[in-house]
$ cat input38.txt   # compact mmCIF, C-alpha atoms
# COMPACT_ATOMS: atom_id res chain seq x y z
CA MET A 1 92.43 121.28 112.12
CA ALA A 2 91.96 118.74 109.32
CA LYS A 3 93.79 115.44 109.74
CA GLN A 4 97.26 115.49 108.19
CA ILE A 5 98.14 112.91 105.58
CA MET A 6 101.47 112.11 103.93
CA ILE A 7 101.53 110.64 100.41
CA THR A 8 104.47 108.41 99.41
CA ASP A 9 104.72 107.56 95.71
CA ASP A 10 107.54 107.94 93.18
CA ALA A 11 105.05 108.99 90.48
CA LEU A 12 104.23 112.70 90.47
CA PHE A 13 100.98 111.86 88.66
CA MET A 14 99.83 109.61 91.50
CA ARG A 15 100.74 112.17 94.16
CA VAL A 16 98.71 114.82 92.31
CA MET A 17 95.71 112.48 91.85
CA LEU A 18 95.74 111.27 95.47
CA LYS A 19 96.11 114.80 96.80
CA THR A 20 93.12 115.98 94.73
CA ILE A 21 91.00 113.11 96.06
CA LEU A 22 92.04 113.59 99.71
CA VAL A 23 91.71 117.38 99.69
CA GLY A 24 88.31 116.96 98.00
CA GLY A 25 87.35 114.68 100.89
CA GLY A 26 88.29 117.37 103.43
CA TYR A 27 91.68 115.98 104.52
CA SER A 28 94.91 117.92 104.47
CA VAL A 29 97.91 116.60 102.51
CA SER A 30 100.85 118.20 104.26
CA TRP A 31 103.80 116.13 103.05
CA GLU A 32 104.77 114.20 99.95
CA ALA A 33 107.60 111.69 99.75
CA ASN A 34 109.22 110.30 96.57
CA ASN A 35 110.47 107.04 98.06
CA GLY A 36 110.56 104.98 101.25
CA GLN A 37 113.64 106.68 102.63
CA GLU A 38 112.06 110.13 102.38
CA ALA A 39 108.86 108.76 103.94
CA VAL A 40 110.73 107.45 107.00
CA SER A 41 112.56 110.73 107.54
CA LEU A 42 109.43 112.88 107.02
CA TYR A 43 107.48 110.61 109.37
CA ARG A 44 110.07 111.12 112.14
CA GLN A 45 109.84 114.89 111.74
CA HIS A 46 106.09 115.33 111.45
CA LYS A 47 104.25 112.18 112.61
CA PRO A 48 101.30 112.53 110.21
CA ASP A 49 97.90 111.05 111.15
CA LEU A 50 98.08 108.71 108.14
CA VAL A 51 100.52 107.64 105.42
CA LEU A 52 99.52 106.43 101.95
CA MET A 53 102.38 104.22 100.76
CA ASP A 54 103.30 102.88 97.30
CA ILE A 55 105.42 99.70 97.16
CA THR A 56 107.61 99.78 94.03
CA MET A 57 109.85 102.82 94.52
CA PRO A 58 113.54 103.59 94.05
CA LEU A 59 115.99 103.77 97.02
CA MET A 60 113.67 102.12 99.54
CA ASP A 61 110.50 100.16 98.74
CA GLY A 62 107.23 100.72 100.59
CA ILE A 63 107.24 97.47 102.60
CA THR A 64 110.71 98.20 104.04
CA ALA A 65 109.57 101.73 104.87
CA VAL A 66 106.45 100.42 106.68
CA LYS A 67 108.60 98.05 108.76
CA GLN A 68 110.99 100.83 109.69
CA ILE A 69 108.27 103.35 110.62
CA LYS A 70 106.33 100.68 112.55
CA SER A 71 109.43 99.69 114.56
CA GLU A 72 109.95 103.28 115.70
CA PHE A 73 106.29 104.32 115.95
CA PRO A 74 104.11 101.28 116.75
CA ASP A 75 100.92 103.40 116.59
CA CYS A 76 101.52 104.62 113.03
CA LYS A 77 98.67 104.33 110.54
CA ILE A 78 99.69 103.35 107.04
CA VAL A 79 97.57 102.35 104.04
CA MET A 80 99.29 100.74 101.05
CA CYS A 81 98.35 102.08 97.62
CA THR A 82 100.02 100.13 94.84
CA ALA A 83 99.64 98.38 91.49
CA MET A 84 101.06 95.18 93.03
CA GLY A 85 97.96 93.33 94.19
CA GLN A 86 99.36 89.82 94.55
CA LYS A 87 98.43 87.93 97.69
CA THR A 88 102.01 87.54 98.97
CA MET A 89 102.45 91.31 98.74
CA VAL A 90 99.18 92.05 100.58
CA VAL A 91 100.04 89.57 103.35
CA GLU A 92 103.56 90.97 103.69
CA ALA A 93 102.29 94.55 103.90
CA ILE A 94 99.63 93.74 106.50
CA ARG A 95 102.17 91.74 108.53
CA ALA A 96 104.56 94.68 108.36
CA GLY A 97 101.81 96.81 109.94
CA ALA A 98 99.76 98.36 107.12
CA LYS A 99 96.06 98.87 107.98
CA ASP A 100 94.63 98.50 104.46
CA PHE A 101 95.67 97.76 100.90
CA ILE A 102 94.38 99.68 97.88
CA VAL A 103 95.16 98.34 94.39
CA LYS A 104 95.71 100.84 91.55
CA PRO A 105 93.88 101.89 89.47
CA PHE A 106 91.37 102.93 92.12
CA GLN A 107 88.13 104.85 92.32
CA PRO A 108 88.26 108.00 94.49
CA GLU A 109 85.59 106.54 96.83
CA ARG A 110 87.79 103.53 97.55
CA VAL A 111 90.59 105.80 98.79
CA LEU A 112 88.29 107.99 100.90
CA ASP A 113 86.50 104.94 102.40
CA SER A 114 89.79 103.43 103.44
CA VAL A 115 91.16 106.65 104.93
CA HIS A 116 87.88 107.22 106.78
CA LYS A 117 87.94 103.68 108.15
CA VAL A 118 91.48 104.09 109.49
CA ILE A 119 91.53 107.67 110.85
CA GLY A 120 87.87 108.72 110.82
CA ALA A 121 86.35 111.93 109.46
CA PRO A 122 88.66 114.81 108.46
CA MET B 1 108.46 82.27 75.16
CA LYS B 2 105.62 80.63 77.02
CA VAL B 3 102.15 81.96 76.31
CA GLU B 4 101.36 81.76 80.03
CA TYR B 5 103.80 84.65 80.56
CA VAL B 6 102.13 86.80 77.89
CA ASN B 7 98.45 86.22 78.66
CA PRO B 8 98.55 88.13 81.98
CA PHE B 9 99.77 91.21 80.06
CA VAL B 10 97.00 90.80 77.47
CA SER B 11 94.28 90.64 80.18
CA SER B 12 95.83 93.29 82.37
CA GLY B 13 96.46 95.63 79.41
CA HIS B 14 92.84 95.35 78.38
CA LYS B 15 91.47 95.85 81.89
CA ILE B 16 93.72 98.73 82.94
CA LEU B 17 93.46 100.65 79.64
CA GLU B 18 89.67 100.35 79.84
CA THR B 19 89.52 101.42 83.50
CA VAL B 20 91.95 104.32 83.19
CA LEU B 21 90.89 105.65 79.78
CA GLN B 22 87.17 104.83 80.25
CA GLU B 23 86.94 103.12 76.88
CA ALA B 24 87.48 99.48 75.86
CA PRO B 25 90.56 99.13 73.62
CA ASP B 26 90.73 96.94 70.51
CA ARG B 27 93.47 94.36 70.42
CA GLY B 28 95.30 93.21 67.30
CA PRO B 29 96.87 89.76 66.86
CA LEU B 30 99.93 88.84 68.93
CA ALA B 31 103.19 88.71 66.97
CA MET B 32 106.62 87.27 67.68
CA LEU B 33 109.50 89.74 67.45
CA PRO B 34 113.21 89.00 67.38
CA SER B 35 115.05 89.83 70.61
CA THR B 36 116.29 93.04 68.97
CA PHE B 37 113.64 95.46 67.78
CA THR B 38 113.26 99.15 67.00
CA SER B 39 111.84 101.48 69.60
CA GLU B 40 108.72 103.62 69.26
CA GLN B 41 108.88 107.40 69.80
CA LEU B 42 108.13 106.93 73.49
CA ASN B 43 108.95 103.74 75.38
CA VAL B 44 108.50 102.72 78.97
CA ALA B 45 110.65 99.82 80.19
CA VAL B 46 109.67 97.82 83.27
CA GLY B 47 111.99 95.09 84.58
CA VAL B 48 110.61 91.84 85.97
CA THR B 49 112.49 89.71 88.53
CA GLY B 50 111.57 86.53 90.40
CA ASP B 51 110.26 83.17 89.14
CA VAL B 52 109.96 84.78 85.69
CA GLN B 53 112.41 87.43 84.58
CA GLY B 54 113.13 89.85 81.74
CA SER B 55 111.50 93.07 80.69
CA VAL B 56 108.29 94.50 79.37
CA ILE B 57 108.45 97.51 77.06
CA TYR B 58 105.46 99.72 76.35
CA GLY B 59 105.67 101.75 73.13
CA MET B 60 103.64 104.53 71.56
CA SER B 61 104.01 107.67 69.44
CA LEU B 62 104.47 111.06 71.11
CA VAL B 63 101.04 112.13 69.82
CA THR B 64 99.45 109.09 71.46
CA ALA B 65 101.38 109.73 74.68
CA ASP B 66 100.12 113.34 74.73
CA LYS B 67 96.52 112.21 74.24
CA VAL B 68 96.68 109.39 76.79
CA ALA B 69 98.28 111.69 79.38
CA SER B 70 95.60 114.34 78.69
CA THR B 71 92.84 111.78 79.30
CA MET B 72 94.49 110.62 82.52
CA ILE B 73 95.12 114.11 83.88
CA GLY B 74 91.65 115.29 82.85
CA GLN B 75 92.75 118.30 80.83
CA PRO B 76 94.71 118.83 77.60
CA ILE B 77 98.44 119.05 78.21
CA LYS B 78 100.40 121.84 76.53
CA THR B 79 103.82 120.19 76.64
CA PHE B 80 104.89 116.67 77.54
CA ASP B 81 106.13 117.74 80.98
CA GLN B 82 107.04 115.81 84.12
CA LEU B 83 103.41 115.28 85.11
CA ALA B 84 102.53 113.86 81.67
CA ALA B 85 105.60 111.59 81.67
CA SER B 86 104.68 110.41 85.14
CA ALA B 87 101.10 109.64 84.04
CA ILE B 88 102.34 107.47 81.15
CA ALA B 89 104.88 105.72 83.39
CA GLU B 90 102.20 105.07 86.00
CA LEU B 91 99.82 103.62 83.40
CA CYS B 92 102.55 101.12 82.40
CA ASN B 93 103.32 100.44 86.06
CA MET B 94 99.64 99.63 86.73
CA ILE B 95 99.46 97.27 83.73
CA SER B 96 102.65 95.52 84.91
CA GLY B 97 101.53 95.32 88.54
CA ASN B 98 98.16 93.84 87.65
CA ALA B 99 99.78 91.39 85.21
CA LEU B 100 102.08 90.26 88.02
CA THR B 101 99.08 89.60 90.23
CA LEU B 102 97.74 87.30 87.48
CA LEU B 103 101.18 85.65 87.09
CA SER B 104 101.30 85.00 90.83
CA GLU B 105 97.86 83.35 90.65
CA ALA B 106 99.35 81.06 87.99
CA GLY B 107 102.16 80.17 90.41
CA PHE B 108 104.91 82.58 89.32
CA VAL B 109 105.83 85.07 92.03
CA CYS B 110 107.66 88.12 90.66
CA ASP B 111 108.47 91.74 91.39
CA ILE B 112 108.82 94.76 89.10
CA THR B 113 111.26 97.66 88.94
CA PRO B 114 110.17 101.29 88.79
CA PRO B 115 109.48 102.27 85.13
CA THR B 116 112.13 103.90 82.90
CA LEU B 117 111.09 106.28 80.10
CA ILE B 118 113.03 106.18 76.84
CA ARG B 119 112.40 108.79 74.13
CA GLY B 120 113.67 108.32 70.59
CA SER B 121 112.26 106.29 67.74
CA ASN B 122 115.44 104.90 66.22
CA CYS B 123 116.88 103.08 69.20
CA LYS B 124 117.57 99.39 68.90
CA ILE B 125 116.26 97.63 72.00
CA SER B 126 117.61 94.18 72.74
CA THR B 127 116.36 91.71 75.33
CA LEU B 128 119.50 89.67 74.50
CA SER B 129 118.62 85.99 74.43
CA ILE B 130 114.94 86.41 75.26
CA PRO B 131 112.55 86.39 72.27
CA THR B 132 109.65 88.80 72.58
CA ILE B 133 105.95 88.85 71.80
CA VAL B 134 104.18 92.08 70.99
CA VAL B 135 100.63 92.73 72.13
CA PRO B 136 99.17 95.57 70.00
CA PHE B 137 96.27 97.64 71.35
CA LYS B 138 94.31 100.21 69.37
CA LEU B 139 93.05 103.09 71.44
CA THR B 140 91.07 106.16 70.39
CA GLN B 141 94.31 107.98 71.27
CA GLY B 142 96.43 105.82 68.90
CA ASP B 143 98.46 102.61 68.90
CA PHE B 144 99.79 101.24 72.18
CA LYS B 145 102.13 98.23 72.05
CA ILE B 146 103.20 95.99 74.88
CA THR B 147 106.36 94.02 74.08
CA VAL B 148 106.85 91.16 76.52
CA GLY B 149 110.29 89.49 76.81
CA LEU B 150 110.20 87.07 79.74
CA LYS B 151 111.74 83.71 80.54
CA SER B 152 111.75 81.27 83.42
CA ARG B 153 114.52 81.89 85.97
CA LYS B 154 115.75 78.30 85.76
$ encode --input "input38.txt" --output "structure tokens"
Amino acid sequence: MAKQIMITDDALFMRVMLKTILVGGGYSVSWEANNGQEAVSLYRQHKPDLVLMDITMPLMDGITAVKQIKSEFPDCKIVMCTAMGQKTMVVEAIRAGAKDFIVKPFQPERVLDSVHKVIGAP
Amino acid sequence: MKVEYVNPFVSSGHKILETVLQEAPDRGPLAMLPSTFTSEQLNVAVGVTGDVQGSVIYGMSLVTADKVASTMIGQPIKTFDQLAASAIAELCNMISGNALTLLSEAGFVCDITPPTLIRGSNCKISTLSIPTIVVPFKLTQGDFKITVGLKSRK
């Protein structure tokens, strides 16, 4: 079975774009979350192989969500995917437990390279 | 308003519009606006907090929004639906996010709020005491204005 990925982004457009890229790369996008809170609860239920996580989102931001998921599931694999590329943000995300940091706008290859590096082939 | 707060939005606007729309935009001269100005047909407001605070408002006509969203989605849109609105909001979010990266390199660490879409061309928008500067871009799809109203937190 293809590896299961969860996309977390408040923008429908981004979820559609990321899903197209990932499915095109052979991965399966099984869950989509609108905000950090939804991501934490979906992670508990399904434990996806990888999470793509935006930062600026309503209700709960991506960094808080990473910390929460990491505290409950230390082996979780999360890649940040956000327009906020400032150094403090990257450092905070990596410290919180994210494996990689993709800055929007991105090329499809950048996303697939990162996913491949973290969880391997589909 | 300090020019060092506006320049990141000029550079970021240019870079992101070119990357996302695959075509270099033309930029018109910057202009000062009073803190109260009239909205465009479609506006996206992004709040900025931190060392520098205020808001950045992106404005365009509905025709331009339709065309930009079509380019981003990769096919013509029939109605300005949720996906199209989300594409426009995300474009403005990317410009803001990249501008904040440049601001942080200049020593101002800030954060942004999720974008808010406002439709209606006769609204009066006020940034209260913060004067604004408008950065006008000309795209193949139409005019795209970035109105920056930011001030130092102190």
$ atom_distance --input "input38.txt" --atom1 "CA of Asn7 in chain B" --atom2 "CA of Ala106 in chain B"
10.7 Å
$ closest_residue --input "input38.txt" --among "A:Gly62, A:Pro74, A:Gly85, A:Gly36" --to "Glu105 in chain B" --atoms "all atoms listed in the file"
A:Gly85
$ closest_atom_pairs --input "input38.txt" --of "chain A" --to "chain B" --cutoff "8 Å" --atoms "only C-alpha atoms" --output "CSV"
residue,atom,partner,partner_atom,distance
A:Ala11,CA,B:Ser86,CA,5.5
A:Leu12,CA,B:Ser86,CA,5.8
A:Phe13,CA,B:Ala87,CA,5.1
A:Met14,CA,B:Glu90,CA,7.5
A:Thr56,CA,B:Pro114,CA,6.0
A:Met57,CA,B:Pro114,CA,5.9
A:Pro58,CA,B:Pro114,CA,6.7
A:Ala83,CA,B:Gly97,CA,4.7
A:Met84,CA,B:Gly97,CA,4.5
A:Gly85,CA,B:Thr101,CA,5.6
A:Gln86,CA,B:Thr101,CA,4.3
A:Lys87,CA,B:Thr101,CA,7.7
A:Lys104,CA,B:Met94,CA,6.3
A:Pro105,CA,B:Met94,CA,6.8
$ atom_distance --input "input38.txt" --atom1 "CA of Gln37 in chain A" --atom2 "CA of Thr64 in chain A"
9.1 Å
$ residues_around --input "input38.txt" --residues "Thr132 in chain B" --least-positions-apart "3" --cutoff "9 Å" --atoms "all atoms listed in the file" --output "PyMOL selection string"
chain B and resi 1+31-36+56+127+147-150
$ atom_distance --input "input38.txt" --atom1 "CA of Phe144 in chain B" --atom2 "CA of Phe80 in chain B"
17.1 Å
$ residues_around --input "input38.txt" --residues "range 91-98 of chain A" --least-positions-apart "3" --cutoff "10 Å" --atoms "all atoms listed in the file" --output "short mmCIF file (atom, residue, chain, number, x, y, z; two decimals) with C-alpha atoms, keeping the file's coordinate frame"
data_model
loop_
_atom_site.label_atom_id
_atom_site.label_comp_id
_atom_site.auth_asym_id
_atom_site.auth_seq_id
_atom_site.Cartn_x
_atom_site.Cartn_y
_atom_site.Cartn_z
CA VAL A 51 100.52 107.64 105.42
CA LEU A 52 99.52 106.43 101.95
CA MET A 53 102.38 104.22 100.76
CA ILE A 55 105.42 99.70 97.16
CA GLY A 62 107.23 100.72 100.59
CA ILE A 63 107.24 97.47 102.60
CA THR A 64 110.71 98.20 104.04
CA ALA A 65 109.57 101.73 104.87
CA VAL A 66 106.45 100.42 106.68
CA LYS A 67 108.60 98.05 108.76
CA GLN A 68 110.99 100.83 109.69
CA ILE A 69 108.27 103.35 110.62
CA LYS A 70 106.33 100.68 112.55
CA SER A 71 109.43 99.69 114.56
CA PRO A 74 104.11 101.28 116.75
CA ASP A 75 100.92 103.40 116.59
CA CYS A 76 101.52 104.62 113.03
CA LYS A 77 98.67 104.33 110.54
CA ILE A 78 99.69 103.35 107.04
CA VAL A 79 97.57 102.35 104.04
CA MET A 80 99.29 100.74 101.05
CA GLN A 86 99.36 89.82 94.55
CA LYS A 87 98.43 87.93 97.69
CA THR A 88 102.01 87.54 98.97
CA PHE A 101 95.67 97.76 100.90
#
$ closest_residue --input "input38.txt" --among "A:Thr8, A:Phe73, A:Asp61, A:Leu50" --to "His116 in chain A" --atoms "only C-alpha atoms"
A:Leu50
$ residues_around --input "input38.txt" --residues "His14 in chain B" --least-positions-apart "5" --cutoff "10 Å" --atoms "only C-alpha atoms" --output "ChimeraX atom specification"
/B:8-9,19,23-27,95,137
$ residues_around --input "input38.txt" --residues "range 43-45 of chain B" --least-positions-apart "2" --cutoff "7 Å" --atoms "all atoms listed in the file" --output "list of chain:residue names"
B:Ser39, B:Glu40, B:Gln41, B:Gly47, B:Ser55, B:Val56, B:Ile57, B:Tyr58, B:Gly59, B:Met60, B:Ala89, B:Pro115, B:Thr116, B:Leu117, B:Ile118, B:Arg119
$ write_last_selection --input "input38.txt" --atoms "C-alpha atoms" --output "short mmCIF file (atom, residue, chain, number, x, y, z; two decimals), in the coordinates of the input"
data_model
loop_
_atom_site.label_atom_id
_atom_site.label_comp_id
_atom_site.auth_asym_id
_atom_site.auth_seq_id
_atom_site.Cartn_x
_atom_site.Cartn_y
_atom_site.Cartn_z
CA SER B 39 111.84 101.48 69.60
CA GLU B 40 108.72 103.62 69.26
CA GLN B 41 108.88 107.40 69.80
CA GLY B 47 111.99 95.09 84.58
CA SER B 55 111.50 93.07 80.69
CA VAL B 56 108.29 94.50 79.37
CA ILE B 57 108.45 97.51 77.06
CA TYR B 58 105.46 99.72 76.35
CA GLY B 59 105.67 101.75 73.13
CA MET B 60 103.64 104.53 71.56
CA ALA B 89 104.88 105.72 83.39
CA PRO B 115 109.48 102.27 85.13
CA THR B 116 112.13 103.90 82.90
CA LEU B 117 111.09 106.28 80.10
CA ILE B 118 113.03 106.18 76.84
CA ARG B 119 112.40 108.79 74.13
#
$ residues_around --input "input38.txt" --residues "Pro48 in chain A" --least-positions-apart "5" --cutoff "9 Å" --atoms "all atoms listed in the file" --output "number ranges by chain"
A: 3-6, 30-31, 42-43, 76-77
$ decode --input "input38.txt" --residues "range 132-147 of chain B" --atoms "C-alpha atoms" --output "PDB file, in the first residue's frame"
ATOM      1  CA  THR B 132      -0.164  53.845   3.946  1.00  0.00           C
ATOM      2  CA  ILE B 133       1.938  53.442   0.832  1.00  0.00           C
ATOM      3  CA  VAL B 134       0.551  51.738  -2.234  1.00  0.00           C
ATOM      4  CA  VAL B 135       2.721  49.546  -4.434  1.00  0.00           C
ATOM      5  CA  PRO B 136       1.019  49.172  -7.844  1.00  0.00           C
ATOM      6  CA  PHE B 137       1.826  46.176 -10.043  1.00  0.00           C
ATOM      7  CA  LYS B 138       0.674  45.711 -13.624  1.00  0.00           C
ATOM      8  CA  LEU B 139       0.085  42.107 -14.583  1.00  0.00           C
ATOM      9  CA  THR B 140      -1.118  40.637 -17.868  1.00  0.00           C
ATOM     10  CA  GLN B 141      -4.220  39.773 -15.809  1.00  0.00           C
ATOM     11  CA  GLY B 142      -4.782  43.405 -14.697  1.00  0.00           C
ATOM     12  CA  ASP B 143      -3.819  45.793 -11.902  1.00  0.00           C
ATOM     13  CA  PHE B 144      -2.717  44.390  -8.552  1.00  0.00           C
ATOM     14  CA  LYS B 145      -2.141  46.843  -5.689  1.00  0.00           C
ATOM     15  CA  ILE B 146      -0.392  46.226  -2.412  1.00  0.00           C
ATOM     16  CA  THR B 147      -1.271  48.812   0.243  1.00  0.00           C
TER      17      THR B 147
END
